[in-house]
$ cat start-v1.cif   # mmCIF, C-alpha atoms
data_query
#
loop_
_atom_site.label_atom_id
_atom_site.label_comp_id
_atom_site.auth_asym_id
_atom_site.auth_seq_id
_atom_site.Cartn_x
_atom_site.Cartn_y
_atom_site.Cartn_z
CA MET A 1 -3.98 -37.86 24.49
CA PRO A 2 -5.03 -34.92 26.68
CA GLU A 3 -3.56 -32.35 24.27
CA VAL A 4 -6.07 -33.37 21.61
CA ILE A 5 -9.00 -32.95 23.98
CA ASP A 6 -7.77 -29.59 25.25
CA MET A 7 -7.39 -28.08 21.78
CA THR A 8 -9.93 -25.48 20.73
CA GLN A 9 -11.57 -25.89 17.36
CA ALA A 10 -9.24 -23.26 15.85
CA GLN A 11 -6.13 -24.96 17.25
CA ARG A 12 -7.41 -28.26 15.97
CA LEU A 13 -7.84 -26.77 12.50
CA ASP A 14 -4.30 -25.37 12.64
CA ALA A 15 -2.95 -28.80 13.53
CA THR A 16 -4.96 -30.30 10.70
CA PHE A 17 -3.66 -27.86 8.11
CA ALA A 18 -0.07 -28.24 9.35
CA ALA A 19 -0.41 -32.01 9.10
CA LEU A 20 -1.81 -31.75 5.58
CA ALA A 21 0.98 -29.42 4.42
CA ASP A 22 3.41 -32.35 4.01
CA PRO A 23 3.25 -34.43 0.78
CA THR A 24 4.29 -37.70 2.50
CA ARG A 25 1.55 -37.27 5.08
CA ARG A 26 -1.00 -36.60 2.35
CA ALA A 27 0.16 -39.77 0.56
CA ILE A 28 -0.21 -41.71 3.83
CA LEU A 29 -3.74 -40.34 4.22
CA ALA A 30 -4.56 -41.25 0.62
CA ARG A 31 -3.35 -44.80 1.31
CA LEU A 32 -5.37 -45.01 4.55
CA ALA A 33 -8.46 -43.74 2.74
CA THR A 34 -8.51 -47.09 0.92
CA GLY A 35 -8.50 -49.03 4.21
CA GLU A 36 -6.59 -49.39 7.52
CA ALA A 37 -2.90 -50.36 7.44
CA THR A 38 -0.04 -51.11 9.83
CA VAL A 39 3.15 -49.04 10.08
CA SER A 40 5.15 -51.59 8.07
CA GLU A 41 2.44 -51.76 5.42
CA LEU A 42 2.49 -48.00 5.21
CA ALA A 43 6.29 -47.80 5.05
CA GLU A 44 6.46 -50.23 2.11
CA PRO A 45 5.50 -47.97 -0.80
CA PHE A 46 7.53 -45.04 0.58
CA ASP A 47 11.28 -44.77 0.36
CA ILE A 48 11.62 -43.86 4.04
CA SER A 49 12.28 -45.71 7.27
CA GLN A 50 9.61 -47.03 9.62
CA PRO A 51 10.64 -44.56 12.39
CA ALA A 52 10.16 -41.70 9.89
CA ILE A 53 6.73 -43.06 8.97
CA SER A 54 5.93 -43.33 12.69
CA ARG A 55 6.80 -39.66 13.15
CA HIS A 56 4.46 -38.67 10.33
CA LEU A 57 1.75 -40.87 11.84
CA LYS A 58 2.17 -39.13 15.17
CA VAL A 59 1.60 -35.72 13.54
CA LEU A 60 -1.48 -37.03 11.73
CA GLU A 61 -2.81 -38.59 14.91
CA ARG A 62 -2.28 -35.42 16.95
CA ALA A 63 -4.23 -33.50 14.30
CA GLY A 64 -7.04 -36.00 14.76
CA LEU A 65 -6.77 -37.09 11.12
CA ILE A 66 -6.04 -40.75 11.91
CA SER A 67 -6.49 -43.09 14.85
CA THR A 68 -4.94 -46.37 15.98
CA GLY A 69 -7.06 -49.53 16.02
CA HIS A 70 -7.47 -51.72 19.11
CA ASP A 71 -5.41 -54.66 17.82
CA ALA A 72 -2.38 -54.23 20.16
CA GLN A 73 -0.02 -56.30 17.99
CA ARG A 74 -0.73 -54.86 14.56
CA ARG A 75 -1.75 -51.36 15.72
CA PRO A 76 -3.48 -50.58 12.42
CA ARG A 77 -3.97 -46.91 11.58
CA ARG A 78 -7.17 -45.65 10.00
CA VAL A 79 -8.39 -42.36 8.69
CA GLU A 80 -10.74 -40.13 10.75
CA ALA A 81 -13.01 -38.64 8.11
CA LYS A 82 -14.57 -36.06 10.46
CA ALA A 83 -11.38 -34.04 11.04
CA LEU A 84 -10.74 -33.91 7.31
CA GLU A 85 -14.25 -32.57 6.73
CA ALA A 86 -13.82 -29.82 9.33
CA ALA A 87 -10.61 -28.68 7.61
CA THR A 88 -12.15 -28.27 4.19
CA ASP A 89 -15.57 -27.20 5.38
CA TRP A 90 -15.10 -23.45 5.85
CA LEU A 91 -13.00 -23.01 2.72
CA GLN A 92 -15.68 -24.82 0.75
CA LYS A 93 -18.47 -22.72 2.27
CA LEU A 94 -16.51 -19.54 1.69
CA ARG A 95 -16.04 -20.51 -1.94
CA ASP A 96 -19.77 -21.19 -2.34
CA ARG A 97 -20.63 -17.77 -0.90
CA TRP A 98 -18.25 -15.91 -3.21
CA GLU A 99 -19.23 -18.01 -6.20
CA GLU A 100 -22.87 -17.11 -5.62
CA SER A 101 -22.01 -13.40 -5.81
CA TYR A 102 -19.67 -13.88 -8.76
CA GLN A 103 -22.39 -15.64 -10.75
CA ARG A 104 -24.55 -12.55 -10.28
CA LEU A 105 -21.54 -10.52 -11.44
CA ASP A 106 -21.28 -12.74 -14.57
CA GLY A 107 -24.84 -11.75 -15.43
CA LEU A 108 -24.18 -8.08 -14.80
CA LEU A 109 -21.02 -8.13 -16.95
CA GLU A 110 -22.95 -9.72 -19.84
CA GLU A 111 -25.45 -6.88 -19.57
CA MET A 112 -22.67 -4.27 -19.44
CA LYS A 113 -21.01 -5.78 -22.53
CA ARG A 114 -24.31 -5.54 -24.45
CA THR A 115 -24.86 -1.91 -23.43
CA GLN A 116 -21.30 -1.06 -24.45
CA LYS A 117 -21.85 -2.44 -27.97
CA GLU A 118 -25.04 -0.44 -28.52
CA MET B 1 -19.90 -20.37 -17.95
CA PRO B 2 -16.62 -19.37 -16.24
CA ALA B 3 -14.93 -21.88 -13.91
CA PRO B 4 -15.99 -21.53 -10.26
CA ALA B 5 -13.96 -19.37 -7.90
CA SER B 6 -10.98 -20.96 -6.18
CA VAL B 7 -10.45 -20.10 -2.52
CA THR B 8 -7.11 -21.02 -0.96
CA ILE B 9 -5.02 -20.30 2.14
CA PRO B 10 -1.45 -20.19 0.72
CA ASN B 11 0.11 -19.15 4.05
CA ASP B 12 -0.86 -18.41 7.65
CA THR B 13 -2.46 -15.00 7.20
CA ASP B 14 -4.11 -14.88 3.77
CA ILE B 15 -7.27 -16.00 2.07
CA VAL B 16 -6.91 -15.80 -1.71
CA ILE B 17 -9.83 -15.88 -4.13
CA VAL B 18 -9.21 -16.32 -7.86
CA ARG B 19 -11.99 -16.09 -10.45
CA THR B 20 -12.02 -15.46 -14.19
CA PHE B 21 -14.76 -13.40 -15.85
CA ASP B 22 -15.72 -13.38 -19.51
CA ALA B 23 -15.39 -9.59 -19.79
CA PRO B 24 -12.70 -6.92 -20.18
CA ARG B 25 -11.20 -5.73 -16.90
CA GLU B 26 -12.53 -2.20 -17.37
CA LEU B 27 -16.03 -3.60 -16.79
CA VAL B 28 -14.97 -5.81 -13.86
CA TRP B 29 -13.30 -2.76 -12.32
CA ARG B 30 -16.43 -0.66 -12.72
CA ALA B 31 -18.53 -3.42 -11.13
CA HIS B 32 -16.20 -3.19 -8.09
CA THR B 33 -16.03 0.59 -7.80
CA GLU B 34 -19.43 2.00 -8.87
CA PRO B 35 -21.98 1.67 -6.05
CA GLN B 36 -25.05 1.19 -8.25
CA LEU B 37 -23.25 -1.72 -9.99
CA MET B 38 -21.89 -3.19 -6.73
CA LYS B 39 -25.43 -3.34 -5.35
CA ARG B 40 -26.46 -5.52 -8.29
CA TRP B 41 -24.16 -8.41 -7.44
CA MET B 42 -22.72 -8.01 -3.96
CA GLN B 43 -25.66 -8.94 -1.80
CA GLY B 44 -24.28 -10.62 1.28
CA PRO B 45 -25.77 -13.84 2.60
CA PRO B 46 -29.29 -14.96 1.61
CA GLY B 47 -31.88 -12.53 2.93
CA TRP B 48 -29.43 -9.63 3.30
CA THR B 49 -29.32 -6.60 0.99
CA LEU B 50 -26.45 -4.23 0.34
CA SER B 51 -28.52 -1.13 1.05
CA VAL B 52 -25.77 1.46 1.50
CA CYS B 53 -22.71 1.40 -0.76
CA GLU B 54 -20.31 4.34 -0.87
CA ILE B 55 -16.99 4.02 -2.68
CA ASP B 56 -14.37 6.71 -3.17
CA ALA B 57 -11.78 4.67 -5.05
CA ARG B 58 -8.68 6.86 -4.87
CA PRO B 59 -5.71 6.78 -2.49
CA GLY B 60 -6.94 7.94 0.94
CA GLY B 61 -10.59 7.61 -0.18
CA LYS B 62 -13.05 5.63 1.90
CA PHE B 63 -15.68 3.02 1.27
CA ARG B 64 -18.64 1.95 3.35
CA ASN B 65 -21.03 -0.94 2.77
CA VAL B 66 -24.06 -1.54 4.95
CA PHE B 67 -25.93 -4.82 4.68
CA THR B 68 -29.46 -4.93 6.07
CA GLN B 69 -32.14 -7.47 6.80
CA ALA B 70 -35.56 -6.73 8.32
CA GLY B 71 -35.51 -7.03 12.10
CA GLN B 72 -31.71 -7.37 12.27
CA GLN B 73 -28.93 -5.03 13.35
CA PRO B 74 -27.35 -3.60 10.15
CA LEU B 75 -23.90 -4.94 9.26
CA GLU B 76 -21.31 -2.34 8.32
CA VAL B 77 -18.03 -2.94 6.48
CA ARG B 78 -15.79 0.02 5.76
CA GLY B 79 -12.21 0.96 5.06
CA THR B 80 -9.71 3.28 3.45
CA PHE B 81 -8.04 2.87 0.05
CA LEU B 82 -4.26 2.70 0.38
CA GLU B 83 -3.47 2.23 -3.33
CA VAL B 84 -5.61 2.64 -6.44
CA ASP B 85 -4.41 1.93 -9.98
CA ALA B 86 -7.54 1.76 -12.15
CA PRO B 87 -8.48 -0.65 -13.71
CA ALA B 88 -5.73 -2.99 -12.49
CA ARG B 89 -5.41 -2.88 -8.74
CA TRP B 90 -6.60 -1.51 -5.45
CA VAL B 91 -5.54 -2.08 -1.85
CA HIS B 92 -7.80 -1.09 1.04
CA THR B 93 -8.12 -1.67 4.75
CA GLU B 94 -11.21 -3.36 6.07
CA GLU B 95 -12.94 -2.66 9.35
CA TYR B 96 -16.24 -3.77 10.81
CA GLY B 97 -18.90 -1.81 12.61
CA PRO B 98 -19.59 1.94 12.58
CA GLU B 99 -16.80 4.52 12.29
CA GLY B 100 -14.65 4.69 15.40
CA SER B 101 -15.63 1.25 16.69
CA SER B 102 -12.26 -0.33 15.92
CA GLU B 103 -8.80 1.20 15.93
CA THR B 104 -6.81 -1.35 13.95
CA PRO B 105 -8.00 -2.70 10.58
CA ALA B 106 -9.39 -6.24 10.69
CA ALA B 107 -7.82 -7.00 7.31
CA VAL B 108 -6.12 -5.55 4.25
CA GLU B 109 -7.67 -6.46 0.91
CA THR B 110 -5.82 -6.40 -2.39
CA LEU B 111 -7.70 -6.70 -5.68
CA VAL B 112 -5.71 -7.41 -8.84
CA LEU B 113 -7.32 -7.62 -12.29
CA THR B 114 -5.40 -8.96 -15.29
CA GLU B 115 -6.85 -9.18 -18.78
CA LYS B 116 -6.05 -11.73 -21.46
CA ALA B 117 -7.95 -12.20 -24.73
CA GLY B 118 -10.94 -10.27 -23.45
CA LYS B 119 -11.18 -12.28 -20.21
CA THR B 120 -10.34 -10.90 -16.79
CA THR B 121 -8.75 -12.83 -13.96
CA LEU B 122 -9.52 -11.42 -10.54
CA THR B 123 -7.26 -12.17 -7.58
CA LEU B 124 -8.58 -10.99 -4.25
CA THR B 125 -6.19 -11.37 -1.31
CA MET B 126 -7.50 -10.82 2.20
CA ARG B 127 -4.64 -10.49 4.67
CA TYR B 128 -5.30 -10.76 8.41
CA PRO B 129 -3.01 -9.76 11.28
CA SER B 130 -2.66 -13.36 12.47
CA LYS B 131 -3.50 -16.94 11.64
CA GLU B 132 -6.11 -16.94 14.43
CA ALA B 133 -7.79 -13.84 13.01
CA ARG B 134 -7.70 -15.32 9.51
CA ASP B 135 -9.24 -18.63 10.52
CA ALA B 136 -11.86 -16.94 12.69
CA ALA B 137 -12.83 -14.56 9.86
CA GLY B 138 -12.87 -17.39 7.32
CA GLN B 139 -15.03 -19.58 9.47
CA GLY B 140 -17.22 -16.64 10.42
CA THR B 141 -17.89 -15.68 6.81
CA ALA B 142 -18.50 -19.30 5.92
CA ASP B 143 -20.99 -19.68 8.76
CA GLY B 144 -22.80 -16.60 7.55
CA MET B 145 -22.13 -12.95 7.86
CA GLU B 146 -24.73 -12.56 10.58
CA GLU B 147 -22.79 -15.01 12.72
CA CYS B 148 -19.57 -13.14 11.98
CA TYR B 149 -21.10 -9.84 13.00
CA ARG B 150 -22.80 -11.32 16.01
CA ARG B 151 -19.34 -12.28 17.25
CA ILE B 152 -17.99 -8.80 16.54
CA ASP B 153 -20.97 -7.29 18.37
CA VAL B 154 -20.26 -9.42 21.41
CA LEU B 155 -16.61 -8.38 21.28
CA LEU B 156 -17.43 -4.68 20.92
CA ASN B 157 -19.99 -4.81 23.72
CA GLU B 158 -17.41 -6.42 25.96
CA ARG B 159 -14.90 -3.71 25.13
CA MET B 160 -17.39 -0.93 25.70
CA ARG B 161 -18.39 -2.43 29.02
CA GLU B 162 -14.78 -2.72 30.25
CA PRO B 163 -14.10 0.92 31.22
CA THR B 164 -17.37 1.18 33.19
CA THR B 165 -16.75 -2.01 35.14
CA THR B 166 -13.17 -1.05 36.01
CA ARG B 167 -14.36 2.34 37.14
CA GLY B 168 -16.95 0.53 39.25
CA ARG B 169 -19.47 3.30 39.49
#
$ encode --input "start-v1.cif" --output "C-alpha cells"
Amino acid sequence: MPEVIDMTQAQRLDATFAALADPTRRAILARLATGEATVSELAEPFDISQPAISRHLKVLERAGLISTGHDAQRRPRRVEAKALEAATDWLQKLRDRWEESYQRLDGLLEEMKRTQKE
Amino acid sequence: MPAPASVTIPNDTDIVIVRTFDAPRELVWRAHTEPQLMKRWMQGPPGWTLSVCEIDARPGGKFRNVFTQAGQQPLEVRGTFLEVDAPARWVHTEEYGPEGSSETPAAVETLVLTEKAGKTTLTLTMRYPSKEARDAAGQGTADGMEECYRRIDVLLNERMREPTTTRGR
C-alpha cells in the first residue's frame, strides 16, 4: 500500500476523519474493537452485501484504521488503535487547553457576580 | 461546576467550541472585551502570560494580544472586528505576528453568546481558509502555542528571505 506510506500526517488525518464520517464504518470499527472478524462475520449484523462491506473496509484500511491479518483464507480484519488515537488527539488537547482557560473564567465570573450584587 | 467545553470539527474548515457559563451574558461579554478582565483568564499555555491586551470592540476596531514568556520571542495575535453586537456577538479576523507580517487573515472568529435562565452558552467558531490550514492550526494549538508560533516564525523567515535570494545580491 504505497499510498498509505506516502501520506503526510495531515493527509492521514484527513483520511481518518473521512473514514469516520460514515455511520456504517463507525459501526464496523465498534465491532472490530471487540476483536478481529472476517468480512462475512462483519456483514452479518448489517443489512448490506459483502461487496459493500468490503468497500467500507477498504476505506478504513486506507485510513490506517484497520489492518488485515496474515491468515490468507479468513483474512480477518482488526482495528489499529494508533490511527484512532492520532485522530482524536489534537481535538482532545485543544479542548483541554480551552477548558483550562474557561475554568479560570468561571472563577472570574463568580467574582464579577458577587461585585455586581454589592 | 459547568460541563467541560466541547470542541468539534463540524465541516472541513471550522473548529467550534461550545461552553456554558453560570453567569449572565453581559458578564461573559465583558470578560471577552475588557482587557483587564481578559488578562485574568486568557493566559495562553503554561508559563506564558497575556502581557499586552488591547481590544477596541466595535466594527472596524482592532485587537492585539501579546503573550510573553521569559527568554522567548513574544507571540502576537491580532485582528480587526468585522461585526459587533454587544453582548450577543462579534466577528473578527485573526492574524499572527506583528502588524504587516501577513496580508490575508489566518482565520475568522465568530463569538455568539446566548442566555437562558441566567446561564450563558458561548459558541466560538474559528473558520480557516482551508482544511489544511484548519488541521495545522488545530494541531499547532494543541501541541502548544509556542510550537504554533515557531512554525509561523519559520514560515515568515522563509518569506522574508525569498526576495533577497531571488535578487541574488
$ resolve_selection --input "start-v1.cif" --expression "the PyMOL selection byres ((chain A and resi 53) around 10)" --output "PyMOL selection string"
chain A and resi 24-25+28+39-40+42-44+46-52+54-58
$ atom_distance --input "start-v1.cif" --atom1 "CA of Ala15 in chain A" --atom2 "CA of Arg62 in chain A"
7.5 Å
$ resolve_selection --input "start-v1.cif" --expression "the PyMOL selection byres ((chain A) within 12 of (chain B))" --output "PyMOL selection string"
chain A and resi 8-14+17-18+21+86-116
$ resolve_selection --input "start-v1.cif" --expression "the PyMOL selection byres ((chain B and resi 62) around 8)" --output "ChimeraX atom specification"
/B:54-57,60-61,63-64,78-81
$ atom_distance --input "start-v1.cif" --atom1 "CA of Leu82 in chain B" --atom2 "CA of Val52 in chain B"
21.6 Å
$ residues_around --input "start-v1.cif" --residues "range 86-89 of chain B" --least-positions-apart "6" --cutoff "6 Å" --atoms "only C-alpha atoms" --output "ChimeraX atom specification"
/B:26,29,111-113
$ atom_distance --input "start-v1.cif" --atom1 "CA of Thr33 in chain B" --atom2 "CA of Pro74 in chain B"
21.6 Å
$ axis_aligned_box --input "start-v1.cif" --around "range 72-77 of chain B" --padding-each-side "8 Å" --output "JSON"
{"center_x": -24.9, "center_y": -4.9, "center_z": 9.9, "size_x": 29.7, "size_y": 21.0, "size_z": 22.9}
$ closest_residue --input "start-v1.cif" --among "B:Ala70, B:Asn65, B:Pro129, B:Thr123" --to "Pro98 in chain B" --atoms "only C-alpha atoms"
B:Asn65
$ decode --input "start-v1.cif" --residues "range 107-134 of chain B" --atoms "N, CA and C atoms" --output "PDB file, in the first residue's frame"
ATOM      1  N   ALA B 107      -7.528  33.363  10.079  1.00  0.00           N
ATOM      2  CA  ALA B 107      -8.820  32.791  10.440  1.00  0.00           C
ATOM      3  C   ALA B 107      -9.835  33.897  10.674  1.00  0.00           C
ATOM      4  N   VAL B 108     -11.112  33.527  10.697  1.00  0.00           N
ATOM      5  CA  VAL B 108     -12.169  34.453  11.099  1.00  0.00           C
ATOM      6  C   VAL B 108     -12.876  33.812  12.284  1.00  0.00           C
ATOM      7  N   GLU B 109     -12.950  34.565  13.384  1.00  0.00           N
ATOM      8  CA  GLU B 109     -13.560  34.031  14.601  1.00  0.00           C
ATOM      9  C   GLU B 109     -14.914  34.672  14.855  1.00  0.00           C
ATOM     10  N   THR B 110     -15.894  33.838  15.162  1.00  0.00           N
ATOM     11  CA  THR B 110     -17.228  34.336  15.495  1.00  0.00           C
ATOM     12  C   THR B 110     -17.574  33.890  16.911  1.00  0.00           C
ATOM     13  N   LEU B 111     -17.918  34.849  17.755  1.00  0.00           N
ATOM     14  CA  LEU B 111     -18.330  34.543  19.125  1.00  0.00           C
ATOM     15  C   LEU B 111     -19.823  34.830  19.242  1.00  0.00           C
ATOM     16  N   VAL B 112     -20.588  33.847  19.706  1.00  0.00           N
ATOM     17  CA  VAL B 112     -22.021  34.052  19.914  1.00  0.00           C
ATOM     18  C   VAL B 112     -22.343  33.697  21.362  1.00  0.00           C
ATOM     19  N   LEU B 113     -23.026  34.601  22.065  1.00  0.00           N
ATOM     20  CA  LEU B 113     -23.428  34.348  23.445  1.00  0.00           C
ATOM     21  C   LEU B 113     -24.948  34.337  23.526  1.00  0.00           C
ATOM     22  N   THR B 114     -25.511  33.254  24.063  1.00  0.00           N
ATOM     23  CA  THR B 114     -26.963  33.219  24.264  1.00  0.00           C
ATOM     24  C   THR B 114     -27.214  32.960  25.747  1.00  0.00           C
ATOM     25  N   GLU B 115     -28.242  33.625  26.272  1.00  0.00           N
ATOM     26  CA  GLU B 115     -28.515  33.494  27.709  1.00  0.00           C
ATOM     27  C   GLU B 115     -29.855  32.816  27.949  1.00  0.00           C
ATOM     28  N   LYS B 116     -29.852  31.884  28.913  1.00  0.00           N
ATOM     29  CA  LYS B 116     -31.096  31.213  29.273  1.00  0.00           C
ATOM     30  C   LYS B 116     -31.065  30.957  30.773  1.00  0.00           C
ATOM     31  N   ALA B 117     -32.070  31.433  31.471  1.00  0.00           N
ATOM     32  CA  ALA B 117     -32.188  31.257  32.928  1.00  0.00           C
ATOM     33  C   ALA B 117     -30.898  31.623  33.655  1.00  0.00           C
ATOM     34  N   GLY B 118     -30.321  32.742  33.280  1.00  0.00           N
ATOM     35  CA  GLY B 118     -29.133  33.234  33.975  1.00  0.00           C
ATOM     36  C   GLY B 118     -27.823  32.559  33.578  1.00  0.00           C
ATOM     37  N   LYS B 119     -27.912  31.557  32.675  1.00  0.00           N
ATOM     38  CA  LYS B 119     -26.689  30.894  32.212  1.00  0.00           C
ATOM     39  C   LYS B 119     -26.404  31.306  30.775  1.00  0.00           C
ATOM     40  N   THR B 120     -25.120  31.381  30.444  1.00  0.00           N
ATOM     41  CA  THR B 120     -24.733  31.815  29.103  1.00  0.00           C
ATOM     42  C   THR B 120     -24.037  30.688  28.352  1.00  0.00           C
ATOM     43  N   THR B 121     -24.516  30.440  27.138  1.00  0.00           N
ATOM     44  CA  THR B 121     -23.829  29.471  26.290  1.00  0.00           C
ATOM     45  C   THR B 121     -23.003  30.223  25.270  1.00  0.00           C
ATOM     46  N   LEU B 122     -21.725  29.907  25.263  1.00  0.00           N
ATOM     47  CA  LEU B 122     -20.778  30.536  24.345  1.00  0.00           C
ATOM     48  C   LEU B 122     -20.509  29.579  23.191  1.00  0.00           C
ATOM     49  N   THR B 123     -20.592  30.090  21.964  1.00  0.00           N
ATOM     50  CA  THR B 123     -20.202  29.297  20.801  1.00  0.00           C
ATOM     51  C   THR B 123     -19.135  30.081  20.061  1.00  0.00           C
ATOM     52  N   LEU B 124     -17.937  29.527  20.003  1.00  0.00           N
ATOM     53  CA  LEU B 124     -16.829  30.195  19.343  1.00  0.00           C
ATOM     54  C   LEU B 124     -16.464  29.384  18.093  1.00  0.00           C
ATOM     55  N   THR B 125     -16.656  30.004  16.931  1.00  0.00           N
ATOM     56  CA  THR B 125     -16.350  29.312  15.677  1.00  0.00           C
ATOM     57  C   THR B 125     -15.096  29.919  15.073  1.00  0.00           C
ATOM     58  N   MET B 126     -14.097  29.096  14.819  1.00  0.00           N
ATOM     59  CA  MET B 126     -12.878  29.560  14.169  1.00  0.00           C
ATOM     60  C   MET B 126     -12.853  28.980  12.772  1.00  0.00           C
ATOM     61  N   ARG B 127     -12.963  29.864  11.778  1.00  0.00           N
ATOM     62  CA  ARG B 127     -13.041  29.398  10.381  1.00  0.00           C
ATOM     63  C   ARG B 127     -11.724  29.684   9.655  1.00  0.00           C
ATOM     64  N   TYR B 128     -11.162  28.650   9.052  1.00  0.00           N
ATOM     65  CA  TYR B 128      -9.875  28.760   8.359  1.00  0.00           C
ATOM     66  C   TYR B 128     -10.094  28.712   6.854  1.00  0.00           C
ATOM     67  N   PRO B 129      -9.134  29.225   6.080  1.00  0.00           N
ATOM     68  CA  PRO B 129      -9.330  29.261   4.628  1.00  0.00           C
ATOM     69  C   PRO B 129      -9.355  27.871   3.969  1.00  0.00           C
ATOM     70  N   SER B 130      -8.814  26.872   4.622  1.00  0.00           N
ATOM     71  CA  SER B 130      -8.825  25.535   4.030  1.00  0.00           C
ATOM     72  C   SER B 130      -8.765  24.489   5.130  1.00  0.00           C
ATOM     73  N   LYS B 131      -9.027  23.270   4.745  1.00  0.00           N
ATOM     74  CA  LYS B 131      -8.968  22.145   5.665  1.00  0.00           C
ATOM     75  C   LYS B 131      -7.533  21.982   6.184  1.00  0.00           C
ATOM     76  N   GLU B 132      -6.571  22.167   5.282  1.00  0.00           N
ATOM     77  CA  GLU B 132      -5.158  22.010   5.663  1.00  0.00           C
ATOM     78  C   GLU B 132      -4.785  23.031   6.732  1.00  0.00           C
ATOM     79  N   ALA B 133      -5.234  24.291   6.486  1.00  0.00           N
ATOM     80  CA  ALA B 133      -4.928  25.366   7.441  1.00  0.00           C
ATOM     81  C   ALA B 133      -5.597  25.079   8.785  1.00  0.00           C
ATOM     82  N   ARG B 134      -6.836  24.598   8.721  1.00  0.00           N
ATOM     83  CA  ARG B 134      -7.583  24.292   9.942  1.00  0.00           C
ATOM     84  C   ARG B 134      -6.861  23.208  10.754  1.00  0.00           C
TER      85      ARG B 134
END
